[in-house]
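Chemist: As input, take final_35.pdb (PDB, C-alpha atoms):
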```
ATOM      1  CA  MET L 289      11.852  -6.016   2.519
ATOM      2  CA  MET L 290      11.849  -2.264   2.222
ATOM      3  CA  ASP L 291      11.911  -0.017   5.239
ATOM      4  CA  THR L 292       8.750   1.656   6.443
ATOM      5  CA  ILE L 293       7.356   5.149   6.614
ATOM      6  CA  ASP L 294       8.858   6.665   9.736
ATOM      7  CA  SER L 295      10.255  10.038  10.595
ATOM      8  CA  ILE L 296      13.861   9.892  11.755
ATOM      9  CA  SER L 297      14.641  11.726  14.969
ATOM     10  CA  SER L 298      17.471  12.078  17.430
ATOM     11  CA  GLN L 299      15.195  12.734  20.384
ATOM     12  CA  PRO L 300      15.471  10.242  23.252
ATOM     13  CA  ALA L 301      12.347   8.466  24.470
ATOM     14  CA  ALA L 302      11.768   9.236  28.126
ATOM     15  CA  ALA L 303      12.432   6.271  30.372
ATOM     16  CA  SER L 304      12.580   3.909  27.407
ATOM     17  CA  THR L 305      14.823   2.123  24.948
ATOM     18  CA  SER L 306      12.362   2.745  22.147
ATOM     19  CA  THR L 307      13.678   3.922  18.795
ATOM     20  CA  SER L 308      10.761   6.314  18.384
ATOM     21  CA  THR L 309      10.776  10.028  19.082
ATOM     22  CA  SER L 310       8.684  10.784  22.165
ATOM     23  CA  THR L 311      10.377  12.755  24.886
ATOM     24  CA  SER L 312      10.273  15.484  27.408
ATOM     25  CA  THR L 313      13.104  17.877  26.696
ATOM     26  CA  GLY L 314      16.599  16.480  26.713
ATOM     27  CA  VAL L 315      19.888  16.431  24.839
ATOM     28  CA  ASN L 316      20.932  13.434  22.791
ATOM     29  CA  PRO L 317      24.650  12.682  23.096
ATOM     30  CA  THR L 318      24.735  11.303  19.515
ATOM     31  CA  PRO L 319      22.823  13.664  17.235
ATOM     32  CA  SER L 320      21.451  12.369  13.947
ATOM     33  CA  PRO L 321      22.691  13.752  10.605
ATOM     34  CA  GLN L 322      19.814  16.165  10.205
ATOM     35  CA  SER L 323      20.379  17.600  13.680
ATOM     36  CA  ARG L 324      23.517  19.192  12.199
ATOM     37  CA  ILE L 325      21.450  21.277   9.813
ATOM     38  CA  ILE L 326      21.939  24.977  10.515
ATOM     39  CA  ASP L 327      18.778  26.080  12.281
ATOM     40  CA  ASP L 328      17.172  29.085  10.627
ATOM     41  CA  LYS L 329      13.692  27.896  11.552
ATOM     42  CA  SER L 330      13.717  28.442  15.312
ATOM     43  CA  PRO L 331      14.054  32.250  14.979
ATOM     44  CA  LEU L 332      10.788  32.188  13.035
ATOM     45  CA  CYS L 333       8.982  29.447  14.887
ATOM     46  CA  ILE L 334       9.716  30.268  18.518
ATOM     47  CA  PRO L 335       8.359  33.864  18.459
ATOM     48  CA  PHE L 336       5.291  32.618  16.573
ATOM     49  CA  ILE L 337       4.538  29.924  19.143
ATOM     50  CA  LEU L 338       5.206  32.251  22.077
ATOM     51  CA  SER L 339       2.782  34.797  20.621
ATOM     52  CA  LYS L 340       0.079  32.164  20.164
ATOM     53  CA  LEU L 341       0.743  30.871  23.662
ATOM     54  CA  ALA L 342       0.369  34.386  25.077
ATOM     55  CA  GLU L 343      -2.964  34.752  23.286
ATOM     56  CA  TYR L 344      -4.043  31.384  24.650
ATOM     57  CA  ASN L 345      -3.056  32.281  28.203
ATOM     58  CA  ALA L 346      -4.913  35.593  27.987
ATOM     59  CA  LEU L 347      -8.010  33.813  26.740
ATOM     60  CA  HIS L 348      -7.883  31.365  29.647
ATOM     61  CA  ALA L 349      -6.610  33.790  32.303
ATOM     62  CA  ASN L 350      -9.624  33.244  34.561
ATOM     63  CA  GLU L 351      -9.305  29.459  34.528
ATOM     64  CA  ALA L 352      -7.558  27.860  37.475
ATOM     65  CA  ASN L 353      -6.213  24.934  35.474
ATOM     66  CA  PRO L 354      -6.610  25.415  31.706
ATOM     67  CA  ARG L 355      -6.033  22.549  29.313
ATOM     68  CA  PRO L 356      -2.536  22.241  27.864
ATOM     69  CA  PHE L 357      -1.574  24.234  24.796
ATOM     70  CA  ILE L 358      -1.340  21.715  21.942
ATOM     71  CA  ILE L 359       0.970  22.200  18.957
ATOM     72  CA  GLY L 360       0.961  20.107  15.791
ATOM     73  CA  LEU L 361       4.073  19.879  13.634
ATOM     74  CA  ASN L 362       4.455  18.480  10.133
ATOM     75  CA  GLY L 363       7.700  18.232   8.223
ATOM     76  CA  VAL L 364       9.121  16.004   5.504
ATOM     77  CA  GLN L 365      12.109  13.812   6.260
ATOM     78  CA  GLY L 366      15.509  15.443   6.426
ATOM     79  CA  VAL L 367      14.159  18.984   6.428
ATOM     80  CA  GLY L 368      15.429  19.978   9.877
ATOM     81  CA  LYS L 369      12.401  19.054  11.935
ATOM     82  CA  THR L 370      14.364  17.373  14.728
ATOM     83  CA  THR L 371      16.527  20.436  15.318
ATOM     84  CA  LEU L 372      13.482  22.695  15.445
ATOM     85  CA  VAL L 373      11.515  20.464  17.809
ATOM     86  CA  LYS L 374      14.450  20.295  20.210
ATOM     87  CA  ALA L 375      14.984  24.075  20.204
ATOM     88  CA  LEU L 376      11.292  24.824  20.639
ATOM     89  CA  ALA L 377      10.820  22.325  23.451
ATOM     90  CA  GLU L 378      13.902  23.563  25.301
ATOM     91  CA  THR L 379      12.707  27.173  25.014
ATOM     92  CA  LEU L 380       9.278  26.334  26.397
ATOM     93  CA  GLN L 381      10.666  24.111  29.145
ATOM     94  CA  GLU L 382      13.720  26.021  30.294
ATOM     95  CA  ARG L 383      13.097  29.661  29.422
ATOM     96  CA  GLU L 384       9.333  29.790  29.831
ATOM     97  CA  GLY L 385       9.135  27.261  32.664
ATOM     98  CA  LEU L 386       6.389  25.265  30.972
ATOM     99  CA  ASN L 387       6.484  21.499  31.307
ATOM    100  CA  THR L 388       6.595  20.463  27.659
ATOM    101  CA  LEU L 389       5.993  16.995  26.286
ATOM    102  CA  VAL L 390       7.053  16.102  22.747
ATOM    103  CA  VAL L 391       5.171  13.141  21.339
ATOM    104  CA  SER L 392       5.611  11.400  18.002
ATOM    105  CA  ILE L 393       2.602   9.894  16.308
ATOM    106  CA  ASP L 394       4.959   6.981  15.572
ATOM    107  CA  ASP L 395       4.466   5.806  19.160
ATOM    108  CA  PHE L 396       0.827   5.116  18.347
ATOM    109  CA  TYR L 397       1.402   2.599  15.595
ATOM    110  CA  LEU L 398      -0.703  -0.541  15.773
ATOM    111  CA  THR L 399       0.756  -3.437  17.701
ATOM    112  CA  HIS L 400       2.627  -5.993  15.609
ATOM    113  CA  GLU L 401      -0.304  -8.392  15.865
ATOM    114  CA  ASP L 402      -2.849  -5.769  14.799
ATOM    115  CA  GLN L 403      -0.643  -4.614  11.912
ATOM    116  CA  LEU L 404      -0.325  -8.186  10.662
ATOM    117  CA  ARG L 405      -4.100  -8.538  10.833
ATOM    118  CA  LEU L 406      -4.605  -5.299   8.882
ATOM    119  CA  ALA L 407      -2.121  -6.451   6.239
ATOM    120  CA  GLU L 408      -3.779  -9.848   5.924
ATOM    121  CA  GLU L 409      -7.256  -8.362   5.620
ATOM    122  CA  ASN L 410      -5.969  -6.073   2.849
ATOM    123  CA  SER L 411      -3.371  -8.361   1.328
ATOM    124  CA  ASP L 412      -3.437  -6.723  -2.103
ATOM    125  CA  ASN L 413      -3.028  -3.171  -0.742
ATOM    126  CA  ALA L 414       0.686  -2.360  -0.601
ATOM    127  CA  LEU L 415      -0.030   0.861   1.297
ATOM    128  CA  VAL L 416      -0.930  -0.944   4.533
ATOM    129  CA  GLN L 417       1.380  -3.953   4.471
ATOM    130  CA  TYR L 418       3.756  -2.143   6.819
ATOM    131  CA  ARG L 419       3.413   0.649   9.337
ATOM    132  CA  GLY L 420       3.275   4.270   8.225
ATOM    133  CA  GLU L 421       0.262   5.190   6.133
ATOM    134  CA  PRO L 422      -3.119   6.321   7.518
ATOM    135  CA  GLY L 423      -4.812   3.270   8.987
ATOM    136  CA  THR L 424      -1.677   1.853  10.616
ATOM    137  CA  HIS L 425      -2.004   3.864  13.840
ATOM    138  CA  ASP L 426      -4.085   3.106  16.930
ATOM    139  CA  ILE L 427      -6.211   6.242  16.848
ATOM    140  CA  PRO L 428      -8.515   5.256  19.751
ATOM    141  CA  LEU L 429      -5.381   4.934  21.887
ATOM    142  CA  LEU L 430      -4.134   8.346  20.739
ATOM    143  CA  LEU L 431      -7.497   9.985  21.414
ATOM    144  CA  SER L 432      -7.630   8.387  24.868
ATOM    145  CA  PHE L 433      -4.124   9.655  25.624
ATOM    146  CA  LEU L 434      -5.027  13.168  24.486
ATOM    147  CA  SER L 435      -8.200  13.122  26.561
ATOM    148  CA  SER L 436      -6.168  12.344  29.675
ATOM    149  CA  ILE L 437      -3.624  15.047  28.857
ATOM    150  CA  ILE L 438      -6.343  17.637  28.229
ATOM    151  CA  SER L 439      -8.083  16.713  31.487
ATOM    152  CA  HIS L 440      -4.798  16.716  33.461
ATOM    153  CA  HIS L 441      -5.471  13.124  34.452
ATOM    154  CA  PRO L 442      -2.576  10.749  35.178
ATOM    155  CA  THR L 443      -1.794   8.587  32.183
ATOM    156  CA  HIS L 444       1.059   6.729  30.512
ATOM    157  CA  LEU L 445       2.777   7.472  27.219
ATOM    158  CA  PRO L 446       2.805   4.491  24.844
ATOM    159  CA  LEU L 447       6.169   3.688  23.294
ATOM    160  CA  TYR L 448       6.959   1.862  20.086
ATOM    161  CA  ASP L 449      10.073  -0.152  19.226
ATOM    162  CA  LYS L 450      10.723   0.040  15.487
ATOM    163  CA  SER L 451      13.460  -2.590  15.695
ATOM    164  CA  ALA L 452      11.191  -5.340  17.090
ATOM    165  CA  HIS L 453      10.360  -8.363  14.930
ATOM    166  CA  HIS L 454      13.320  -7.775  12.625
ATOM    167  CA  GLY L 455      12.290  -4.204  11.883
ATOM    168  CA  LEU L 456       8.559  -4.759  11.526
ATOM    169  CA  GLY L 457       8.146  -3.065  14.904
ATOM    170  CA  ASP L 458       5.853  -3.473  17.883
ATOM    171  CA  ARG L 459       4.503  -1.515  20.807
ATOM    172  CA  LEU L 460       6.558  -1.940  23.947
ATOM    173  CA  PRO L 461       4.986  -3.585  27.029
ATOM    174  CA  PRO L 462       2.749  -1.220  29.056
ATOM    175  CA  SER L 463       5.055  -1.719  32.034
ATOM    176  CA  THR L 464       7.662   0.371  30.168
ATOM    177  CA  PHE L 465       5.355   3.335  29.445
ATOM    178  CA  PRO L 466       6.484   6.448  31.372
ATOM    179  CA  PRO L 467       3.846   8.011  33.629
ATOM    180  CA  ILE L 468       2.572  11.454  32.698
ATOM    181  CA  ASN L 469       0.645  13.997  34.799
ATOM    182  CA  ASP L 470       1.610  12.262  38.026
ATOM    183  CA  PRO L 471       2.368  14.925  40.674
ATOM    184  CA  ASP L 472       3.668  12.294  43.092
ATOM    185  CA  LEU L 473       6.690  11.603  40.899
ATOM    186  CA  SER L 474       9.675  13.919  40.784
ATOM    187  CA  ALA L 475      10.905  13.635  37.177
ATOM    188  CA  PRO L 476       9.875  16.693  35.111
ATOM    189  CA  GLN L 477       8.264  14.610  32.383
ATOM    190  CA  HIS L 478       5.907  13.109  34.967
ATOM    191  CA  ARG L 479       4.465  16.401  36.176
ATOM    192  CA  THR L 480       1.436  18.184  34.807
ATOM    193  CA  VAL L 481       1.878  18.894  31.113
ATOM    194  CA  HIS L 482       1.476  22.544  30.083
ATOM    195  CA  VAL L 483       2.437  22.220  26.425
ATOM    196  CA  LEU L 484       2.081  19.163  24.194
ATOM    197  CA  LEU L 485       3.807  19.017  20.806
ATOM    198  CA  LEU L 486       2.638  16.228  18.484
ATOM    199  CA  GLU L 487       4.894  15.708  15.481
ATOM    200  CA  GLY L 488       4.770  13.387  12.515
ATOM    201  CA  TRP L 489       5.100  13.225   8.761
ATOM    202  CA  LEU L 490       1.311  12.971   8.271
ATOM    203  CA  THR L 491       0.279  15.293  11.089
ATOM    204  CA  GLY L 492      -2.405  17.643   9.786
ATOM    205  CA  PHE L 493      -3.261  15.594   6.686
ATOM    206  CA  ARG L 494      -7.020  15.764   6.089
ATOM    207  CA  SER L 495      -9.124  13.439   3.964
ATOM    208  CA  LEU L 496     -10.314  14.520   0.538
ATOM    209  CA  PRO L 497     -13.605  13.977  -1.304
ATOM    210  CA  PRO L 498     -13.410  10.710  -3.295
ATOM    211  CA  SER L 499     -13.907  12.702  -6.501
ATOM    212  CA  THR L 500     -10.719  14.670  -5.752
ATOM    213  CA  ILE L 501      -8.797  11.437  -5.180
ATOM    214  CA  SER L 502     -10.075  10.135  -8.513
ATOM    215  CA  SER L 503      -9.093  13.328 -10.341
ATOM    216  CA  LYS L 504      -5.569  13.251  -8.960
ATOM    217  CA  TYR L 505      -5.285   9.558  -9.773
ATOM    218  CA  LEU L 506      -6.033  10.229 -13.431
ATOM    219  CA  ASP L 507      -3.580  13.156 -13.634
ATOM    220  CA  LEU L 508      -0.493  11.157 -14.552
ATOM    221  CA  LYS L 509       1.555  14.240 -15.464
ATOM    222  CA  SER L 510       1.231  15.911 -12.070
ATOM    223  CA  TYR L 511       1.407  12.911  -9.726
ATOM    224  CA  LYS L 512       4.184  10.353 -10.107
ATOM    225  CA  THR L 513       3.322   7.596  -7.581
ATOM    226  CA  LEU L 514      -0.466   7.468  -7.357
ATOM    227  CA  SER L 515      -0.680   5.262 -10.426
ATOM    228  CA  HIS L 516       1.515   2.667  -8.680
ATOM    229  CA  HIS L 517      -1.555   1.736  -6.654
ATOM    230  CA  LYS L 518      -5.157   0.871  -7.306
ATOM    231  CA  LEU L 519      -7.623   3.711  -6.875
ATOM    232  CA  GLU L 520      -9.570   1.687  -4.320
ATOM    233  CA  HIS L 521      -6.426   1.362  -2.205
ATOM    234  CA  LEU L 522      -5.900   5.110  -2.170
ATOM    235  CA  LEU L 523      -9.557   5.553  -1.246
ATOM    236  CA  PHE L 524      -9.027   3.083   1.606
ATOM    237  CA  ILE L 525      -6.304   5.160   3.292
ATOM    238  CA  ASN L 526      -8.307   8.310   2.577
ATOM    239  CA  GLU L 527     -11.255   6.849   4.487
ATOM    240  CA  ARG L 528      -9.026   5.828   7.377
ATOM    241  CA  LEU L 529      -7.536   9.315   7.506
ATOM    242  CA  LYS L 530     -10.900  10.641   8.660
ATOM    243  CA  GLU L 531     -10.266   8.923  12.007
ATOM    244  CA  TYR L 532      -7.221  11.158  12.575
ATOM    245  CA  GLU L 533      -8.985  14.465  12.132
ATOM    246  CA  PRO L 534     -10.435  14.703  15.672
ATOM    247  CA  VAL L 535      -6.805  14.690  16.816
ATOM    248  CA  TRP L 536      -5.872  17.565  14.510
ATOM    249  CA  ASP L 537      -8.933  19.491  15.721
ATOM    250  CA  GLN L 538      -7.329  19.688  19.174
ATOM    251  CA  PHE L 539      -4.390  21.763  17.918
ATOM    252  CA  ASP L 540      -4.049  25.340  19.178
ATOM    253  CA  ALA L 541      -1.195  26.095  16.783
ATOM    254  CA  PHE L 542       0.432  24.351  13.845
ATOM    255  CA  ILE L 543       3.911  24.403  12.319
ATOM    256  CA  HIS L 544       4.444  23.251   8.753
ATOM    257  CA  ILE L 545       7.948  22.809   7.363
ATOM    258  CA  ASP L 546       7.316  22.664   3.638
ATOM    259  CA  THR L 547       9.620  22.362   0.650
ATOM    260  CA  GLN L 548       9.690  24.027  -2.739
ATOM    261  CA  ASP L 549       9.998  20.608  -4.360
ATOM    262  CA  LEU L 550       8.880  17.342  -2.742
ATOM    263  CA  GLU L 551      11.268  15.450  -5.011
ATOM    264  CA  TRP L 552      14.116  16.705  -2.830
ATOM    265  CA  VAL L 553      12.971  14.288  -0.132
ATOM    266  CA  TYR L 554      14.661  11.497  -2.116
ATOM    267  CA  ALA L 555      17.998  13.326  -2.120
ATOM    268  CA  TRP L 556      17.727  14.364   1.522
ATOM    269  CA  ARG L 557      17.043  10.803   2.605
ATOM    270  CA  LEU L 558      19.941   9.539   0.507
ATOM    271  CA  GLU L 559      22.215  12.116   2.153
ATOM    272  CA  GLN L 560      21.083  10.879   5.570
ATOM    273  CA  GLU L 561      21.903   7.296   4.645
ATOM    274  CA  GLU L 562      25.305   8.277   3.244
ATOM    275  CA  GLN L 563      26.056  10.063   6.505
ATOM    276  CA  LEU L 564      25.005   6.983   8.467
ATOM    277  CA  ARG L 565      27.299   4.797   6.374
ATOM    278  CA  ARG L 566      30.231   7.119   7.065
ATOM    279  CA  GLU L 567      29.518   7.211  10.796
ATOM    280  CA  LYS L 568      28.099   3.774  11.567
ATOM    281  CA  GLY L 569      29.057   1.657   8.582
ATOM    282  CA  THR L 570      25.457   0.881   7.653
ATOM    283  CA  GLY L 571      22.726   2.582   5.679
ATOM    284  CA  MET L 572      20.282   2.089   2.820
ATOM    285  CA  SER L 573      21.459   1.992  -0.768
ATOM    286  CA  GLY L 574      20.149   4.395  -3.385
ATOM    287  CA  GLU L 575      17.631   1.835  -4.638
ATOM    288  CA  MET L 576      16.447   1.120  -1.096
ATOM    289  CA  VAL L 577      16.012   4.845  -0.490
ATOM    290  CA  ARG L 578      13.926   5.171  -3.646
ATOM    291  CA  LYS L 579      11.650   2.331  -2.567
ATOM    292  CA  PHE L 580      11.453   3.752   0.937
ATOM    293  CA  VAL L 581      10.385   7.217  -0.195
ATOM    294  CA  ASP L 582       8.042   5.778  -2.825
ATOM    295  CA  GLY L 583       6.229   4.054   0.028
ATOM    296  CA  TYR L 584       4.861   7.253   1.516
ATOM    297  CA  PHE L 585       5.030   9.613  -1.465
ATOM    298  CA  PRO L 586       1.410   8.907  -2.498
ATOM    299  CA  ALA L 587       0.189  10.487   0.741
ATOM    300  CA  TYR L 588       2.336  13.555   0.106
ATOM    301  CA  GLU L 589       0.900  13.844  -3.393
ATOM    302  CA  LEU L 590      -2.636  13.534  -2.051
ATOM    303  CA  TYR L 591      -2.551  15.618   1.123
ATOM    304  CA  GLU L 592       0.392  18.024   1.224
ATOM    305  CA  GLU L 593      -1.480  20.695  -0.691
ATOM    306  CA  GLY L 594      -4.220  20.660   1.938
ATOM    307  CA  VAL L 595      -1.667  21.385   4.670
ATOM    308  CA  ARG L 596      -0.298  24.235   2.569
ATOM    309  CA  GLN L 597      -3.765  25.733   2.332
ATOM    310  CA  GLY L 598      -4.145  25.453   6.106
ATOM    311  CA  VAL L 599      -5.056  22.694   8.532
ATOM    312  CA  PHE L 600      -7.503  25.083  10.231
ATOM    313  CA  ARG L 601      -9.141  26.165   6.988
ATOM    314  CA  GLY L 602     -12.842  26.760   7.594
ATOM    315  CA  ASP L 603     -12.352  27.487  11.301
ATOM    316  CA  GLU L 604     -12.332  31.290  11.559
ATOM    317  CA  GLY L 605     -11.551  31.081  15.265
ATOM    318  CA  LYS L 606      -8.149  29.575  14.417
ATOM    319  CA  ARG L 607      -7.177  31.888  11.582
ATOM    320  CA  GLY L 608      -3.542  32.939  11.946
ATOM    321  CA  ARG L 609      -2.504  29.934  14.017
ATOM    322  CA  GLN L 610      -0.463  28.115  11.377
ATOM    323  CA  LEU L 611       3.111  28.971  10.475
ATOM    324  CA  ARG L 612       4.294  27.665   7.114
ATOM    325  CA  MET L 613       8.016  27.718   6.407
ATOM    326  CA  VAL L 614       9.171  26.766   2.907
ATOM    327  CA  VAL L 615      12.735  25.546   2.448
ATOM    328  CA  GLY L 616      14.979  25.344  -0.594
ATOM    329  CA  ARG L 617      17.280  22.535  -1.696
ATOM    330  CA  ASP L 618      19.800  23.436   1.023
ATOM    331  CA  ARG L 619      16.993  23.192   3.622
ATOM    332  CA  GLY L 620      17.238  26.910   4.330
ATOM    333  CA  VAL L 621      14.011  28.859   4.724
ATOM    334  CA  VAL L 622      13.243  30.845   1.558
ATOM    335  CA  GLU L 623       9.815  32.112   2.574
ATOM    336  CA  HIS L 624       7.398  31.905   5.459
ATOM    337  CA  MET L 625       3.829  32.921   6.074
ATOM    338  CA  VAL L 626       1.132  32.802   8.751
ATOM    339  CA  ILE L 627      -2.120  31.198   7.673
TER
END
```
Translate the structure described by the file into structure tokens.
Modeler:
Amino acid sequence: MMDTIDSISSQPAAASTSTSTSTSTGVNPTPSPQSRIIDDKSPLCIPFILSKLAEYNALHANEANPRPFIIGLNGVQGVGKTTLVKALAETLQEREGLNTLVVSIDDFYLTHEDQLRLAEENSDNALVQYRGEPGTHDIPLLLSFLSSIISHHPTHLPLYDKSAHHGLGDRLPPSTFPPINDPDLSAPQHRTVHVLLLEGWLTGFRSLPPSTISSKYLDLKSYKTLSHHKLEHLLFINERLKEYEPVWDQFDAFIHIDTQDLEWVYAWRLEQEEQLRREKGTGMSGEMVRKFVDGYFPAYELYEEGVRQGVFRGDEGKRGRQLRMVVGRDRGVVEHMVI
């Protein structure tokens, strides 16, 4: 069975043994391969976020307890996202004194039971047989969590164990969820959240008109993996993606780590696996990597262009709140722009 569509991160999950990425700031004693990437993104990203945060604070200066500043972050695998998230969170937490919570959308995957039900109900749709694609997350749970964070109400952060059920994954028991926004507890991650950063490979993807999906599907020269699936199956995940958009609408700023060529994701993932084999003696083969990346590439082909054009497009009040950084084959930033 091929692996599933998950971002790889070295960030520790607060008060948990989960293999997902949610955390308050912290330092991992065993960094992942991509955490060794030279960071040329933080010098661009951190000033951008601090400027947007200053604008936000000025706008809400007369409010006694304004809602947290919410950042969305999208980046393909192996592009240096983990290193950037860690540097940004540490800057906000330690230098700016703002309690910062980093959350991965991976922690909001459906439970194992619900994922099995989704797969059974759509048994001929390969896109939803395993976790990853739009439709495999518990969006009501995510919206409820965000509502509590925005309202400064005590809540708990769901955690997901990707290793459960022989790698199929499952949500951890609620008793393991760390408390958030609880002033009676002393750990920093439990106190009132000032900044929330939500990261994920599909963060910011917005649904397209069915006619656009159909046009891309028929363009065999431009899109390499769409034809591997039935059009109706692509339309299915497109419809489910609409449920995610109220989450994206909460963002006050957005960071997009883009690439000049999406095909490089295959090579970057292979490099990660080769590094893992050298260090840990285990890792996916080249064929496994190809199947792995093929699993989520249709969503990149459908929705990445929309992120490039701007996740806030059409909202004049949020013009200038997205930073797009484009990297070359060596993962170094070759251009950047504010949208």
Chemist: Counting only C-alpha atoms, figure out which residue out of L:Thr464, L:Ser330, L:Gln403, L:Asn413 gets nearest to Glu520 of chain L.
Modeler: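 Among the listed residues, the smallest separation from Glu520 of chain L belongs to L:Asn413.
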Chemist: Please determine, counting only C-alpha atoms, which residue among L:Ile334, L:Lys340, L:Gly366, L:Arg494 has the shortest atom-to-atom distance to Glu561 of chain L.
Modeler: L:Gly366
Chemist: Counting all atoms listed in the file, give me one row per residue of segment 377-408 of chain L with an atom at most 10 Å from an atom of segment 433-445 of chain L, showing the shortest contact pair and its distance in Å to one decimal, sorted by chain then residue number, as a Markdown table.
Modeler:
```
| residue | atom | partner | partner_atom | distance |
| --- | --- | --- | --- | --- |
| L:Val391 | CA | L:Leu445 | CA | 8.5 |
| L:Asp395 | CA | L:Leu445 | CA | 8.4 |
| L:Phe396 | CA | L:Leu445 | CA | 9.4 |
```
Chemist: So which residues get picked by the PyMOL selection byres ((chain L and resi 347-364) around 7) here, written as a ChimeraX atom specification?
Modeler: /L:343-346,365-367,369,438-439,481-492,538-546
Chemist: Nearest residue to Ala414 of chain L out of L:Val622, L:Val599, L:Leu514, L:Met613, using all atoms listed in the file?
Modeler: L:Leu514
Chemist: Pick out the closest residue to Trp536 of chain L from this set: L:Leu332, L:Ala342, L:Leu496, L:Leu430. Count all atoms listed in the file.
Modeler: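 The answer is L:Leu430, which sits nearest to Trp536 of chain L.
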Chemist: To one decimal place in Å, what is the distance between atom CA of Lys504 of chain L and atom CA of Leu522 of chain L?
Modeler: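 Rounded to one decimal, the two atoms are 10.6 Å apart.
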Chemist: Applied to this file, what does the PyMOL selection byres ((chain L and resi 525-527) around 8) return in terms of residues, put as a list of chain:residue names?
Modeler: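 Those residues are L:Leu415, L:Glu421, L:Pro422, L:Gly423, L:Ser495, L:Leu496, L:His521, L:Leu522, L:Leu523, L:Phe524, L:Arg528, L:Leu529, L:Lys530, L:Glu531.
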Chemist: State, in Å with one decimal place, the distance from atom CA of Glu592 of chain L to atom CA of Val615 of chain L.
Modeler: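 For atom CA of Glu592 of chain L relative to atom CA of Val615 of chain L, the distance reads 14.5 Å.
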Chemist: Work out how far apart atom CA of Gly608 of chain L and atom CA of Ile337 of chain L are and give it in Å to one decimal.
Modeler: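 Straight-line distance from atom CA of Gly608 of chain L to atom CA of Ile337 of chain L works out to 11.2 Å.
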Chemist: Can you list what the PyMOL selection byres ((chain L and resi 583) around 12) grabs from this structure, as a PyMOL selection string?
Modeler: chain L and resi 289-294+413-421+513-514+516-517+554+576-582+584-589
Chemist: Smallest atom-to-atom distance to Ser515 of chain L: which of L:Leu611, L:Leu389, L:Ile501, L:Leu564, using only C-alpha atoms?
Modeler: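 The closest residue to Ser515 of chain L is L:Ile501.
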Chemist: Can you put N, CA, C and O atoms back into segment 365-375 of chain L and show it as a short mmCIF file (atom, residue, chain, number, x, y, z; two decimals), keeping the file's coordinate frame?
Modeler:
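Result saved to out-v3.cif:
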```cif
data_model
loop_
_atom_site.label_atom_id
_atom_site.label_comp_id
_atom_site.auth_asym_id
_atom_site.auth_seq_id
_atom_site.Cartn_x
_atom_site.Cartn_y
_atom_site.Cartn_z
N GLN L 365 10.86 14.36 5.75
CA GLN L 365 12.11 13.81 6.26
C GLN L 365 13.30 14.63 5.82
O GLN L 365 13.37 15.10 4.68
N GLY L 366 14.24 14.81 6.75
CA GLY L 366 15.51 15.44 6.43
C GLY L 366 15.46 16.94 6.29
O GLY L 366 16.44 17.56 5.88
N VAL L 367 14.34 17.56 6.67
CA VAL L 367 14.16 18.98 6.43
C VAL L 367 14.63 19.85 7.59
O VAL L 367 14.66 21.06 7.50
N GLY L 368 15.00 19.23 8.70
CA GLY L 368 15.43 19.98 9.88
C GLY L 368 14.41 20.01 10.99
O GLY L 368 14.51 20.81 11.91
N LYS L 369 13.47 19.09 10.94
CA LYS L 369 12.40 19.05 11.94
C LYS L 369 12.93 18.74 13.34
O LYS L 369 12.51 19.36 14.32
N THR L 370 13.84 17.78 13.43
CA THR L 370 14.36 17.37 14.73
C THR L 370 15.02 18.54 15.47
O THR L 370 14.80 18.75 16.65
N THR L 371 15.84 19.30 14.72
CA THR L 371 16.53 20.44 15.32
C THR L 371 15.53 21.47 15.83
O THR L 371 15.68 22.02 16.93
N LEU L 372 14.49 21.72 15.05
CA LEU L 372 13.48 22.70 15.44
C LEU L 372 12.71 22.23 16.67
O LEU L 372 12.49 23.01 17.61
N VAL L 373 12.28 20.98 16.67
CA VAL L 373 11.52 20.46 17.81
C VAL L 373 12.32 20.58 19.09
O VAL L 373 11.81 21.00 20.14
N LYS L 374 13.59 20.23 19.02
CA LYS L 374 14.45 20.30 20.21
C LYS L 374 14.58 21.73 20.72
O LYS L 374 14.45 21.99 21.92
N ALA L 375 14.82 22.68 19.80
CA ALA L 375 14.98 24.08 20.20
C ALA L 375 13.69 24.64 20.78
O ALA L 375 13.71 25.36 21.79
#
```
